[in-house]
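Structure data follow from run-v3.pdb (PDB, C-alpha atoms):
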ATOM      1  CA  MET A 264     -30.858 -56.932  60.503
ATOM      2  CA  THR A 265     -33.746 -54.955  61.961
ATOM      3  CA  VAL A 266     -36.821 -56.526  63.539
ATOM      4  CA  LEU A 267     -39.901 -54.581  64.620
ATOM      5  CA  HIS A 268     -41.728 -55.535  67.824
ATOM      6  CA  GLY A 269     -44.793 -53.327  68.016
ATOM      7  CA  ARG A 270     -43.445 -49.789  68.105
ATOM      8  CA  ARG A 271     -40.027 -50.779  69.389
ATOM      9  CA  ARG A 272     -37.133 -51.249  66.966
ATOM     10  CA  THR A 273     -34.216 -53.456  67.971
ATOM     11  CA  HIS A 274     -31.080 -54.049  65.924
ATOM     12  CA  GLU A 275     -30.458 -57.767  65.965
ATOM     13  CA  PHE A 276     -27.244 -59.746  65.626
ATOM     14  CA  SER A 277     -25.052 -56.781  66.551
ATOM     15  CA  GLY A 278     -21.525 -57.722  67.519
ATOM     16  CA  SER A 279     -21.990 -56.323  71.029
ATOM     17  CA  GLN A 280     -24.888 -58.728  71.689
ATOM     18  CA  ALA A 281     -23.360 -61.866  70.236
ATOM     19  CA  GLY A 282     -21.680 -63.067  73.409
ATOM     20  CA  PRO A 283     -18.551 -62.420  75.443
ATOM     21  CA  HIS A 284     -16.263 -63.002  72.478
ATOM     22  CA  ASN A 285     -18.056 -60.381  70.345
ATOM     23  CA  ARG A 286     -19.121 -62.969  67.792
ATOM     24  CA  SER A 287     -20.288 -61.681  64.451
ATOM     25  CA  ALA A 288     -23.915 -61.882  63.420
ATOM     26  CA  LEU A 289     -23.069 -64.315  60.649
ATOM     27  CA  ASP A 290     -21.248 -66.653  63.057
ATOM     28  CA  THR A 291     -24.380 -66.755  65.192
ATOM     29  CA  VAL A 292     -26.653 -67.529  62.252
ATOM     30  CA  ARG A 293     -24.187 -70.083  60.899
ATOM     31  CA  THR A 294     -24.169 -71.818  64.274
ATOM     32  CA  PHE A 295     -27.977 -71.970  64.293
ATOM     33  CA  VAL A 296     -28.056 -73.548  60.822
ATOM     34  CA  ALA A 297     -25.362 -76.075  61.743
ATOM     35  CA  ALA A 298     -27.255 -77.065  64.895
ATOM     36  CA  ALA A 299     -30.523 -77.351  62.970
ATOM     37  CA  ASP A 300     -28.893 -79.606  60.360
ATOM     38  CA  ALA A 301     -27.067 -81.771  62.907
ATOM     39  CA  GLY A 302     -29.901 -82.033  65.414
ATOM     40  CA  GLN A 303     -27.326 -81.921  68.202
ATOM     41  CA  PHE A 304     -25.247 -79.091  69.618
ATOM     42  CA  GLN A 305     -22.296 -81.439  70.060
ATOM     43  CA  GLU A 306     -22.167 -82.358  66.346
ATOM     44  CA  ALA A 307     -22.605 -78.704  65.370
ATOM     45  CA  ALA A 308     -19.667 -77.813  67.624
ATOM     46  CA  ALA A 309     -17.488 -80.427  65.958
ATOM     47  CA  GLU A 310     -18.435 -79.165  62.484
ATOM     48  CA  LEU A 311     -17.694 -75.553  63.430
ATOM     49  CA  ALA A 312     -14.512 -76.443  65.366
ATOM     50  CA  VAL A 313     -15.751 -74.754  68.557
ATOM     51  CA  THR A 314     -16.815 -76.047  71.950
ATOM     52  CA  GLN A 315     -20.327 -77.252  72.701
ATOM     53  CA  GLN A 316     -20.528 -74.470  75.279
ATOM     54  CA  ALA A 317     -19.799 -71.897  72.548
ATOM     55  CA  VAL A 318     -22.629 -73.292  70.434
ATOM     56  CA  SER A 319     -25.023 -73.123  73.383
ATOM     57  CA  LYS A 320     -24.046 -69.521  74.125
ATOM     58  CA  ARG A 321     -24.504 -68.433  70.509
ATOM     59  CA  ILE A 322     -27.913 -70.084  70.260
ATOM     60  CA  ALA A 323     -28.967 -68.542  73.582
ATOM     61  CA  ALA A 324     -27.839 -65.086  72.399
ATOM     62  CA  LEU A 325     -29.770 -65.496  69.156
ATOM     63  CA  GLU A 326     -32.896 -66.568  71.033
ATOM     64  CA  ARG A 327     -32.627 -63.552  73.350
ATOM     65  CA  ASN A 328     -32.308 -61.200  70.407
ATOM     66  CA  LEU A 329     -35.220 -62.750  68.538
ATOM     67  CA  ARG A 330     -37.255 -63.195  71.731
ATOM     68  CA  VAL A 331     -38.314 -66.700  70.734
ATOM     69  CA  ARG A 332     -37.204 -70.256  71.481
ATOM     70  CA  LEU A 333     -35.531 -71.833  68.458
ATOM     71  CA  PHE A 334     -34.751 -75.275  69.873
ATOM     72  CA  THR A 335     -36.333 -77.722  72.282
ATOM     73  CA  ARG A 336     -33.941 -80.037  74.118
ATOM     74  CA  THR A 337     -34.894 -83.723  73.834
ATOM     75  CA  ALA A 338     -33.321 -87.048  74.716
ATOM     76  CA  ARG A 339     -32.129 -87.312  71.137
ATOM     77  CA  GLY A 340     -30.585 -83.848  70.999
ATOM     78  CA  ALA A 341     -32.153 -80.575  69.898
ATOM     79  CA  GLU A 342     -35.273 -80.164  67.778
ATOM     80  CA  LEU A 343     -36.454 -76.998  66.098
ATOM     81  CA  THR A 344     -39.480 -75.266  67.545
ATOM     82  CA  ILE A 345     -42.140 -73.858  65.224
ATOM     83  CA  ASP A 346     -40.339 -70.519  65.380
ATOM     84  CA  GLY A 347     -37.050 -72.244  64.640
ATOM     85  CA  GLN A 348     -38.576 -73.946  61.605
ATOM     86  CA  ALA A 349     -39.879 -70.581  60.393
ATOM     87  CA  PHE A 350     -36.499 -68.914  60.879
ATOM     88  CA  LEU A 351     -34.380 -71.649  59.257
ATOM     89  CA  PRO A 352     -35.006 -70.906  55.509
ATOM     90  CA  HIS A 353     -34.345 -67.207  56.103
ATOM     91  CA  ALA A 354     -31.149 -68.031  57.956
ATOM     92  CA  ARG A 355     -29.975 -70.191  55.057
ATOM     93  CA  GLU A 356     -30.747 -67.380  52.602
ATOM     94  CA  LEU A 357     -28.876 -64.890  54.782
ATOM     95  CA  LEU A 358     -25.752 -67.077  54.633
ATOM     96  CA  ARG A 359     -26.104 -67.493  50.851
ATOM     97  CA  VAL A 360     -26.420 -63.719  50.378
ATOM     98  CA  ALA A 361     -23.383 -63.145  52.579
ATOM     99  CA  GLU A 362     -21.357 -65.632  50.536
ATOM    100  CA  ARG A 363     -22.371 -63.951  47.297
ATOM    101  CA  ALA A 364     -21.505 -60.543  48.738
ATOM    102  CA  VAL A 365     -18.014 -61.704  49.724
ATOM    103  CA  GLY A 366     -17.528 -63.422  46.375
ATOM    104  CA  SER A 367     -18.509 -60.262  44.505
ATOM    105  CA  VAL A 368     -15.464 -58.417  45.849
ATOM    106  CA  ARG A 369     -12.969 -61.223  46.414
ATOM    107  CA  PRO A 370     -10.271 -61.245  43.694
ATOM    108  CA  GLY A 371     -10.465 -64.398  41.645
ATOM    109  CA  ARG A 372     -14.098 -65.011  42.547
ATOM    110  CA  ARG A 373     -15.696 -62.006  40.893
ATOM    111  CA  PRO A 374     -15.629 -60.962  37.243
ATOM    112  CA  LEU A 375     -12.779 -58.810  35.957
ATOM    113  CA  ARG A 376     -14.317 -55.368  35.356
ATOM    114  CA  VAL A 377     -12.844 -53.508  32.380
ATOM    115  CA  ASP A 378     -13.783 -50.177  30.783
ATOM    116  CA  VAL A 379     -13.485 -50.179  26.970
ATOM    117  CA  ILE A 380     -14.961 -46.666  26.367
ATOM    118  CA  ALA A 381     -17.180 -47.775  23.442
ATOM    119  CA  SER A 382     -18.640 -51.057  22.230
ATOM    120  CA  ARG A 383     -17.392 -50.765  18.641
ATOM    121  CA  GLY A 384     -13.887 -49.489  19.282
ATOM    122  CA  ALA A 385     -10.491 -51.158  19.250
ATOM    123  CA  ALA A 386     -10.446 -51.755  23.009
ATOM    124  CA  SER A 387     -13.653 -53.759  22.756
ATOM    125  CA  GLY A 388     -11.977 -55.871  20.071
ATOM    126  CA  LEU A 389      -8.983 -56.464  22.343
ATOM    127  CA  MET A 390     -11.283 -57.716  25.090
ATOM    128  CA  ARG A 391     -13.136 -60.002  22.672
ATOM    129  CA  GLY A 392      -9.785 -61.504  21.728
ATOM    130  CA  PHE A 393      -8.936 -61.976  25.400
ATOM    131  CA  HIS A 394     -12.279 -63.675  26.018
ATOM    132  CA  ARG A 395     -11.701 -66.079  23.129
ATOM    133  CA  ALA A 396      -8.269 -66.953  24.507
ATOM    134  CA  HIS A 397      -9.449 -67.213  28.131
ATOM    135  CA  PRO A 398     -13.132 -68.197  28.121
ATOM    136  CA  GLU A 399     -12.852 -69.354  31.739
ATOM    137  CA  THR A 400     -12.332 -65.747  32.925
ATOM    138  CA  GLU A 401     -15.558 -63.984  33.841
ATOM    139  CA  LEU A 402     -15.742 -60.450  32.504
ATOM    140  CA  ASP A 403     -17.845 -57.365  33.167
ATOM    141  CA  VAL A 404     -17.301 -54.925  30.292
ATOM    142  CA  MET A 405     -18.431 -51.333  30.727
ATOM    143  CA  TRP A 406     -18.257 -47.984  28.976
ATOM    144  CA  LEU A 407     -16.988 -44.900  30.824
ATOM    145  CA  PHE A 408     -16.733 -41.621  28.933
ATOM    146  CA  ASP A 409     -13.864 -39.528  30.267
ATOM    147  CA  ILE A 410     -10.487 -40.412  31.705
ATOM    148  CA  GLU A 411     -11.100 -38.693  35.064
ATOM    149  CA  THR A 412     -14.140 -40.901  35.660
ATOM    150  CA  ALA A 413     -12.187 -43.990  34.627
ATOM    151  CA  ILE A 414      -9.235 -43.222  36.920
ATOM    152  CA  ALA A 415     -11.561 -42.497  39.840
ATOM    153  CA  ALA A 416     -13.314 -45.828  39.219
ATOM    154  CA  ILE A 417      -9.961 -47.657  39.151
ATOM    155  CA  ARG A 418      -8.838 -46.039  42.404
ATOM    156  CA  SER A 419     -12.137 -46.780  44.155
ATOM    157  CA  GLY A 420     -12.157 -50.404  42.992
ATOM    158  CA  GLU A 421     -15.316 -49.960  40.909
ATOM    159  CA  ILE A 422     -13.386 -51.254  37.894
ATOM    160  CA  ASP A 423     -10.114 -53.151  37.510
ATOM    161  CA  ALA A 424      -8.773 -51.591  34.314
ATOM    162  CA  SER A 425      -9.481 -49.090  31.551
ATOM    163  CA  PHE A 426      -8.223 -48.543  28.021
ATOM    164  CA  ARG A 427      -7.107 -44.923  27.463
ATOM    165  CA  ALA A 428      -4.742 -42.734  25.466
ATOM    166  CA  ILE A 429      -2.304 -41.319  27.996
ATOM    167  CA  ALA A 430      -1.209 -38.943  29.238
ATOM    168  CA  ALA A 431      -2.879 -35.798  27.904
ATOM    169  CA  PRO A 432      -1.042 -32.509  28.505
ATOM    170  CA  GLY A 433      -1.360 -31.284  32.089
ATOM    171  CA  ARG A 434      -2.983 -34.508  33.288
ATOM    172  CA  PRO A 435      -0.289 -36.885  34.531
ATOM    173  CA  LEU A 436      -1.397 -40.219  35.924
ATOM    174  CA  PRO A 437      -1.603 -40.541  39.722
ATOM    175  CA  GLU A 438       1.340 -42.407  41.230
ATOM    176  CA  ASP A 439      -0.824 -45.396  42.191
ATOM    177  CA  ILE A 440      -2.003 -45.952  38.590
ATOM    178  CA  GLU A 441       0.086 -48.161  36.306
ATOM    179  CA  SER A 442      -0.143 -48.224  32.527
ATOM    180  CA  VAL A 443       1.157 -50.107  29.533
ATOM    181  CA  ARG A 444       0.716 -49.246  25.872
ATOM    182  CA  VAL A 445      -1.051 -52.132  24.138
ATOM    183  CA  LEU A 446      -2.107 -50.994  20.659
ATOM    184  CA  ASP A 447      -1.253 -48.321  18.105
ATOM    185  CA  GLU A 448      -4.366 -48.110  15.935
ATOM    186  CA  PRO A 449      -3.886 -46.573  12.450
ATOM    187  CA  LEU A 450      -6.339 -43.864  11.453
ATOM    188  CA  GLN A 451      -8.148 -44.230   8.153
ATOM    189  CA  LEU A 452     -10.061 -41.681   6.125
ATOM    190  CA  LEU A 453     -13.727 -42.563   5.640
ATOM    191  CA  THR A 454     -15.419 -40.987   2.638
ATOM    192  CA  GLY A 455     -18.586 -41.290   0.620
ATOM    193  CA  PRO A 456     -18.461 -42.505  -3.010
ATOM    194  CA  ALA A 457     -18.565 -38.964  -4.445
ATOM    195  CA  HIS A 458     -15.733 -37.520  -2.337
ATOM    196  CA  ALA A 459     -12.691 -36.210  -4.231
ATOM    197  CA  LEU A 460     -10.419 -38.780  -2.535
ATOM    198  CA  ALA A 461     -12.817 -41.737  -2.742
ATOM    199  CA  GLY A 462     -10.797 -43.473  -5.465
ATOM    200  CA  ALA A 463      -7.412 -43.208  -3.738
ATOM    201  CA  ARG A 464      -5.678 -46.389  -2.570
ATOM    202  CA  SER A 465      -3.999 -44.348   0.198
ATOM    203  CA  VAL A 466      -3.746 -40.676   1.088
ATOM    204  CA  PRO A 467      -0.632 -38.822   2.345
ATOM    205  CA  LEU A 468      -1.484 -36.945   5.516
ATOM    206  CA  ALA A 469      -0.397 -33.603   4.037
ATOM    207  CA  ARG A 470      -2.881 -34.030   1.192
ATOM    208  CA  LEU A 471      -5.776 -33.802   3.651
ATOM    209  CA  ALA A 472      -5.092 -30.117   4.307
ATOM    210  CA  GLY A 473      -8.039 -28.136   2.963
ATOM    211  CA  HIS A 474     -10.483 -31.061   3.146
ATOM    212  CA  ARG A 475     -13.318 -30.888   5.680
ATOM    213  CA  ILE A 476     -13.086 -33.694   8.224
ATOM    214  CA  TRP A 477     -16.241 -33.913  10.314
ATOM    215  CA  MET A 478     -16.015 -35.522  13.766
ATOM    216  CA  PRO A 479     -18.970 -34.570  16.013
ATOM    217  CA  GLY A 480     -17.816 -37.047  18.690
ATOM    218  CA  VAL A 481     -14.703 -35.018  19.516
ATOM    219  CA  VAL A 482     -15.583 -33.488  22.887
ATOM    220  CA  PRO A 483     -13.306 -30.808  24.386
ATOM    221  CA  GLY A 484     -11.442 -32.014  27.459
ATOM    222  CA  THR A 485     -11.245 -35.666  26.412
ATOM    223  CA  GLU A 486      -8.000 -37.443  25.595
ATOM    224  CA  TRP A 487      -9.123 -37.977  22.005
ATOM    225  CA  ALA A 488      -9.801 -34.224  21.656
ATOM    226  CA  ALA A 489      -6.210 -33.585  22.807
ATOM    227  CA  TYR A 490      -4.998 -36.099  20.215
ATOM    228  CA  TYR A 491      -6.845 -34.454  17.318
ATOM    229  CA  ASP A 492      -5.884 -30.943  18.481
ATOM    230  CA  ASP A 493      -2.218 -31.905  18.085
ATOM    231  CA  LEU A 494      -2.897 -33.577  14.731
ATOM    232  CA  VAL A 495      -4.560 -30.393  13.438
ATOM    233  CA  ALA A 496      -1.787 -28.146  14.759
ATOM    234  CA  GLU A 497       1.030 -30.205  13.278
ATOM    235  CA  PHE A 498      -0.386 -30.907   9.826
ATOM    236  CA  GLY A 499      -2.727 -27.963   9.203
ATOM    237  CA  LEU A 500      -5.885 -30.056   8.960
ATOM    238  CA  THR A 501      -9.462 -28.890   9.323
ATOM    239  CA  ILE A 502     -11.467 -30.960  11.789
ATOM    240  CA  GLU A 503     -15.027 -29.834  12.447
ATOM    241  CA  ALA A 504     -16.788 -31.011  15.603
ATOM    242  CA  THR A 505     -19.935 -28.950  15.003
ATOM    243  CA  GLY A 506     -23.475 -30.186  15.444
ATOM    244  CA  PRO A 507     -24.932 -32.756  17.830
ATOM    245  CA  ASN A 508     -23.470 -36.229  17.964
ATOM    246  CA  PHE A 509     -26.294 -38.593  16.974
ATOM    247  CA  GLY A 510     -23.999 -41.608  16.955
ATOM    248  CA  SER A 511     -22.126 -43.612  14.342
ATOM    249  CA  ASP A 512     -25.158 -44.471  12.184
ATOM    250  CA  ALA A 513     -26.038 -40.805  11.662
ATOM    251  CA  LEU A 514     -22.367 -39.993  10.999
ATOM    252  CA  LEU A 515     -22.149 -42.694   8.311
ATOM    253  CA  ASP A 516     -25.368 -41.515   6.676
ATOM    254  CA  THR A 517     -24.058 -37.948   6.470
ATOM    255  CA  ILE A 518     -20.629 -38.936   5.132
ATOM    256  CA  ALA A 519     -22.253 -41.131   2.477
ATOM    257  CA  ASP A 520     -24.534 -38.323   1.268
ATOM    258  CA  THR A 521     -22.130 -35.353   1.485
ATOM    259  CA  PRO A 522     -19.263 -35.279  -1.053
ATOM    260  CA  ALA A 523     -17.508 -32.417   0.770
ATOM    261  CA  LEU A 524     -17.186 -34.268   4.078
ATOM    262  CA  ALA A 525     -14.946 -37.065   5.296
ATOM    263  CA  THR A 526     -14.126 -38.384   8.766
ATOM    264  CA  PHE A 527     -11.358 -40.257  10.546
ATOM    265  CA  MET A 528     -12.003 -43.811  11.631
ATOM    266  CA  GLY A 529      -9.788 -46.194  13.571
ATOM    267  CA  ALA A 530      -8.669 -49.188  11.517
ATOM    268  CA  HIS A 531      -9.952 -51.539  14.246
ATOM    269  CA  THR A 532     -13.296 -49.801  14.713
ATOM    270  CA  ARG A 533     -16.082 -52.204  13.747
ATOM    271  CA  LEU A 534     -18.840 -50.512  11.757
ATOM    272  CA  VAL A 535     -21.511 -51.855   9.435
ATOM    273  CA  TRP A 536     -23.392 -49.681   6.951
ATOM    274  CA  PRO A 537     -25.945 -50.262   4.176
ATOM    275  CA  SER A 538     -24.419 -51.469   0.943
ATOM    276  CA  GLY A 539     -25.907 -48.487  -0.878
ATOM    277  CA  HIS A 540     -23.772 -46.066   1.110
ATOM    278  CA  GLY A 541     -20.679 -46.982  -0.911
ATOM    279  CA  LEU A 542     -18.345 -45.772   1.847
ATOM    280  CA  ARG A 543     -14.562 -46.050   1.419
ATOM    281  CA  ARG A 544     -11.969 -46.686   4.134
ATOM    282  CA  ILE A 545      -8.677 -45.231   2.910
ATOM    283  CA  PRO A 546      -5.306 -45.690   4.675
ATOM    284  CA  VAL A 547      -3.504 -42.472   5.633
ATOM    285  CA  THR A 548       0.281 -42.416   5.153
ATOM    286  CA  ASP A 549       3.466 -40.320   5.251
ATOM    287  CA  PRO A 550       3.266 -40.403   8.247
ATOM    288  CA  MET A 551       0.560 -42.777   9.349
ATOM    289  CA  PRO A 552      -1.289 -41.273  12.342
ATOM    290  CA  VAL A 553      -1.890 -43.927  14.983
ATOM    291  CA  TYR A 554      -4.094 -43.669  18.030
ATOM    292  CA  PRO A 555      -2.292 -45.067  21.115
ATOM    293  CA  HIS A 556      -4.335 -47.334  23.384
ATOM    294  CA  SER A 557      -2.954 -48.074  26.850
ATOM    295  CA  LEU A 558      -4.273 -50.251  29.647
ATOM    296  CA  LEU A 559      -4.552 -48.556  33.051
ATOM    297  CA  TRP A 560      -4.899 -50.301  36.428
ATOM    298  CA  HIS A 561      -4.196 -49.739  40.117
ATOM    299  CA  ARG A 562      -0.778 -50.988  41.175
ATOM    300  CA  ALA A 563      -2.254 -52.650  44.301
ATOM    301  CA  ASN A 564      -5.067 -54.491  42.498
ATOM    302  CA  PRO A 565      -4.650 -58.218  43.318
ATOM    303  CA  HIS A 566      -7.201 -59.671  40.876
ATOM    304  CA  PRO A 567      -5.394 -62.643  39.263
ATOM    305  CA  ALA A 568      -7.228 -62.203  35.957
ATOM    306  CA  LEU A 569      -5.717 -58.715  35.655
ATOM    307  CA  ALA A 570      -2.243 -60.236  35.366
ATOM    308  CA  THR A 571      -3.616 -62.708  32.827
ATOM    309  CA  LEU A 572      -5.068 -59.855  30.771
ATOM    310  CA  ARG A 573      -1.786 -57.925  30.822
ATOM    311  CA  ALA A 574       0.154 -61.009  29.750
ATOM    312  CA  HIS A 575      -2.306 -61.645  26.910
ATOM    313  CA  LEU A 576      -2.064 -58.066  25.662
ATOM    314  CA  ALA A 577       1.740 -58.141  25.873
ATOM    315  CA  ALA A 578       1.826 -61.338  23.807
ATOM    316  CA  THR A 579      -0.506 -59.989  21.120
ATOM    317  CA  ALA A 580       0.675 -56.362  20.976
ATOM    318  CA  ASP A 581       2.283 -54.954  17.850
ATOM    319  CA  SER A 582       5.365 -52.752  17.943
ATOM    320  CA  HIS A 583       4.877 -49.134  19.049
ATOM    321  CA  ASP A 584       6.299 -45.910  17.658
ATOM    322  CA  ALA A 585       7.186 -47.707  14.435
ATOM    323  CA  ALA A 586       8.973 -45.790  11.685
ATOM    324  CA  GLY A 587       6.569 -43.796   9.545
ATOM    325  CA  THR A 588       3.929 -43.383  12.238
ATOM    326  CA  TRP A 589       2.836 -40.318  14.218
ATOM    327  CA  THR A 590       1.528 -39.804  17.743
ATOM    328  CA  PRO A 591       1.415 -36.628  19.862
ATOM    329  CA  GLY A 592       4.519 -35.879  21.888
ATOM    330  CA  TRP A 593       2.636 -36.290  25.178
ATOM    331  CA  VAL A 594       1.853 -39.947  24.605
ATOM    332  CA  LEU A 595       3.774 -42.122  27.035
ATOM    333  CA  PRO A 596       6.087 -44.673  25.430
ATOM    334  CA  ARG A 597       5.568 -48.358  26.018
TER     335      ARG A 597
END
Can you give me the file's structure in the form of structure tokens?
Amino acid sequence: MTVLHGRRRTHEFSGSQAGPHNRSALDTVRTFVAAADAGQFQEAAAELAVTQQAVSKRIAALERNLRVRLFTRTARGAELTIDGQAFLPHARELLRVAERAVGSVRPGRRPLRVDVIASRGAASGLMRGFHRAHPETELDVMWLFDIETAIAAIRSGEIDASFRAIAAPGRPLPEDIESVRVLDEPLQLLTGPAHALAGARSVPLARLAGHRIWMPGVVPGTEWAAYYDDLVAEFGLTIEATGPNFGSDALLDTIADTPALATFMGAHTRLVWPSGHGLRRIPVTDPMPVYPHSLLWHRANPHPALATLRAHLAATADSHDAAGTWTPGWVLPR
């Protein structure tokens, strides 16, 4: 805390000024509040489990730093001076802020922070299911774009976990990052009502060769770009990522109005479009391409809700690498 006296600046409550035992600034302020509430140094000492002499020394150090008298000794104990009365509400607020600051980073007392990449995707649905099953767990859900940012945030403690497809070629996970595969999401073909495949109940993957599949959200360098690059190479598909990405609404409008275009959509992706669009979601088979979602976290993260989340996902996960499905060879097994 910094207090200005005229043109002189002094740094108050520093550990070096808090007495011979190098008391922390918060201990000093906490002692002042306890003495103010008790009205006696002896009762404050008993509450804080220190000696009355320690209380006196802390109060004296605080008064020296503030350059004011905070208490007046009386026959009944210790009464606040006018300056003490002025300082008391700020001291209480300082202790409340400190408690909130500690709680914000203490595992079990702060929300579990999880990156789901996008609000409408499968990972967001997994977290909604977890919240329904464990409403007592506080959550902070966020959206980070690329895997490097997500891993850096996990390692720094900014987030507790992230949903990603791992591990893209040439980008192995750091040794301190753990992962578990939690969902294989089938891809579906999304077409407008006039598309040549709009009436199909399902479409074999090989039959999509020669059809234009437009996906402006596929950004080079991302794990989903690596996924679709392998899908194109193995099955001879044509995926176009041209043009700006104006979001899902613009994509749906274009697919609805353009008979020559289709797009891939995850089966668990939640989208709503106008009834007049007449869009079709068509399962893709023989083999069924599935997008692998894994949960990533730091192996030393002690947040108890992280273990609860992993247990929930393990209990609700479907089988992986099922017969008749396809994933790139770089995807880590469960």
Exercise for the section: Check which residues satisfy the PyMOL selection byres ((chain A and resi 458) around 10) in the file shown, then give them as a list of chain:residue names. Expected result: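 For this structure, the PyMOL selection byres ((chain A and resi 458) around 10) captures A:Leu453, A:Thr454, A:Gly455, A:Pro456, A:Ala457, A:Ala459, A:Leu460, A:Ala461, A:Gly462, A:His474, A:Ile518, A:Ala519, A:Asp520, A:Thr521, A:Pro522, A:Ala523, A:Leu524, A:Ala525, A:Leu542, A:Arg543.
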Exercise for the section: List the residues selected by the PyMOL selection byres ((chain A and resi 451) around 9) in the file shown, writing them as a list in words. Expected result: Pro449, Leu450, Leu452, Leu453, Ser465, Thr526, Phe527, Met528, Gly529, Ala530, Arg544, Ile545, Pro546, Val547, Met551 and Pro552 of chain A
For C-alpha atoms, I'd like the residues from the last selection saved as a compact mmCIF listing (two decimals), in the frame of the given file.
# COMPACT_ATOMS: atom_id res chain seq x y z
CA PRO A 449 -3.89 -46.57 12.45
CA LEU A 450 -6.34 -43.86 11.45
CA LEU A 452 -10.06 -41.68 6.12
CA LEU A 453 -13.73 -42.56 5.64
CA SER A 465 -4.00 -44.35 0.20
CA THR A 526 -14.13 -38.38 8.77
CA PHE A 527 -11.36 -40.26 10.55
CA MET A 528 -12.00 -43.81 11.63
CA GLY A 529 -9.79 -46.19 13.57
CA ALA A 530 -8.67 -49.19 11.52
CA ARG A 544 -11.97 -46.69 4.13
CA ILE A 545 -8.68 -45.23 2.91
CA PRO A 546 -5.31 -45.69 4.68
CA VAL A 547 -3.50 -42.47 5.63
CA MET A 551 0.56 -42.78 9.35
CA PRO A 552 -1.29 -41.27 12.34
Exercise for the section: Rounded to one decimal place, report the atom CA of Arg383 of chain A-atom CA of Leu534 of chain A distance in Å. Expected result: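 Taking atom CA of Arg383 of chain A as the start and atom CA of Leu534 of chain A as the end point, the length is 7.0 Å.
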List the residues selected by the PyMOL selection byres ((chain A and resi 504-508) around 10) in the file shown, writing them as a PDB file with C-alpha atoms, keeping the file's coordinate frame.
ATOM      1  CA  ILE A 476     -13.086 -33.694   8.224  1.00  0.00           C
ATOM      2  CA  TRP A 477     -16.241 -33.913  10.314  1.00  0.00           C
ATOM      3  CA  MET A 478     -16.015 -35.522  13.766  1.00  0.00           C
ATOM      4  CA  PRO A 479     -18.970 -34.570  16.013  1.00  0.00           C
ATOM      5  CA  GLY A 480     -17.816 -37.047  18.690  1.00  0.00           C
ATOM      6  CA  VAL A 481     -14.703 -35.018  19.516  1.00  0.00           C
ATOM      7  CA  VAL A 482     -15.583 -33.488  22.887  1.00  0.00           C
ATOM      8  CA  PRO A 483     -13.306 -30.808  24.386  1.00  0.00           C
ATOM      9  CA  ALA A 488      -9.801 -34.224  21.656  1.00  0.00           C
ATOM     10  CA  THR A 501      -9.462 -28.890   9.323  1.00  0.00           C
ATOM     11  CA  ILE A 502     -11.467 -30.960  11.789  1.00  0.00           C
ATOM     12  CA  GLU A 503     -15.027 -29.834  12.447  1.00  0.00           C
ATOM     13  CA  PHE A 509     -26.294 -38.593  16.974  1.00  0.00           C
ATOM     14  CA  GLY A 510     -23.999 -41.608  16.955  1.00  0.00           C
ATOM     15  CA  SER A 511     -22.126 -43.612  14.342  1.00  0.00           C
ATOM     16  CA  ALA A 513     -26.038 -40.805  11.662  1.00  0.00           C
ATOM     17  CA  LEU A 514     -22.367 -39.993  10.999  1.00  0.00           C
TER      18      LEU A 514
END
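With distances restricted to all atoms listed in the file, A:Thr485 is the closest residue to Asp409 of chain A from A:Ala424, A:Ala317, A:Leu446, A:Thr485.
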Problem - Nearest-residue call for Thr579 of chain A, choices A:Ala413, A:Val594, A:Ala396, A:Ala472, using only C-alpha atoms - result: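 Closest residue, counting only C-alpha atoms: A:Ala396.
The interatomic distance for the pair atom CA of Ala428 of chain A and atom CA of His556 of chain A works out to 5.1 Å.
Atom pair atom CA of Thr337 of chain A / atom CA of His353 of chain A: separated by 24.2 Å.
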Handout entry: Surrounding residues of Arg339 of chain A excluding itself and chain neighbours under 2 positions, 12 Å, only C-alpha atoms, as a PyMOL selection string
Key = chain A and resi 301-305+335-337+341-342
Handout entry: Contacts of Ala415 of chain A within 12 Å, all atoms listed in the file, excl. fewer than 2 positions in-chain, as number ranges by chain
Key = A: 407, 409-413, 417-425, 436-437, 439-440, 559-561
Practice task
Using only C-alpha atoms, determine which residues lie at most 9 Å from Gly499 of chain A, disregarding the query and same-chain residues fewer than 6 positions distant; provide the list as a list in words.
Solution key: Ala469, Leu471, Ala472 and Gly473 of chain A
Could you please take those selected residues and save C-alpha atoms as a short mmCIF file (atom, residue, chain, number, x, y, z; two decimals), in the frame of the given file?
data_model
loop_
_atom_site.label_atom_id
_atom_site.label_comp_id
_atom_site.auth_asym_id
_atom_site.auth_seq_id
_atom_site.Cartn_x
_atom_site.Cartn_y
_atom_site.Cartn_z
CA ALA A 469 -0.40 -33.60 4.04
CA LEU A 471 -5.78 -33.80 3.65
CA ALA A 472 -5.09 -30.12 4.31
CA GLY A 473 -8.04 -28.14 2.96
#
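The shortest atom-to-atom distance to Gln348 of chain A, with all atoms listed in the file taken into account, belongs to A:Leu333 out of A:Val377, A:Leu333, A:Ala570, A:Val495.
Using all atoms listed in the file, the nearest neighbour of Asp584 of chain A within the list A:Arg391, A:Arg444, A:Arg562, A:Arg327 is A:Arg444.
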Handout entry: Protein/DNA/RNA residues near (1.8, -51.4, 31.7), cut 9 Å, all atoms listed in the file, as a ChimeraX atom specification
Key = /A:441-445,557-560,573,577,597
Centre and edges of the segment 323-328 of chain A box, axis-aligned, 3 Å extra per side, as AutoDock Vina command-line options:
--center_x -30.4 --center_y -64.9 --center_z 71.4 --size_x 11.1 --size_y 13.3 --size_z 10.4
Exercise for the section: Within 12 Å of Asp549 of chain A, counting only C-alpha atoms, which residues show up once you throw out same-chain ones fewer than 5 positions away? Write them as a list in words, please. Expected result: Ser465, Val466, Pro467, Leu468, Ala469, Arg470, Leu471, Phe498, Ala586, Gly587, Thr588 and Trp589 of chain A
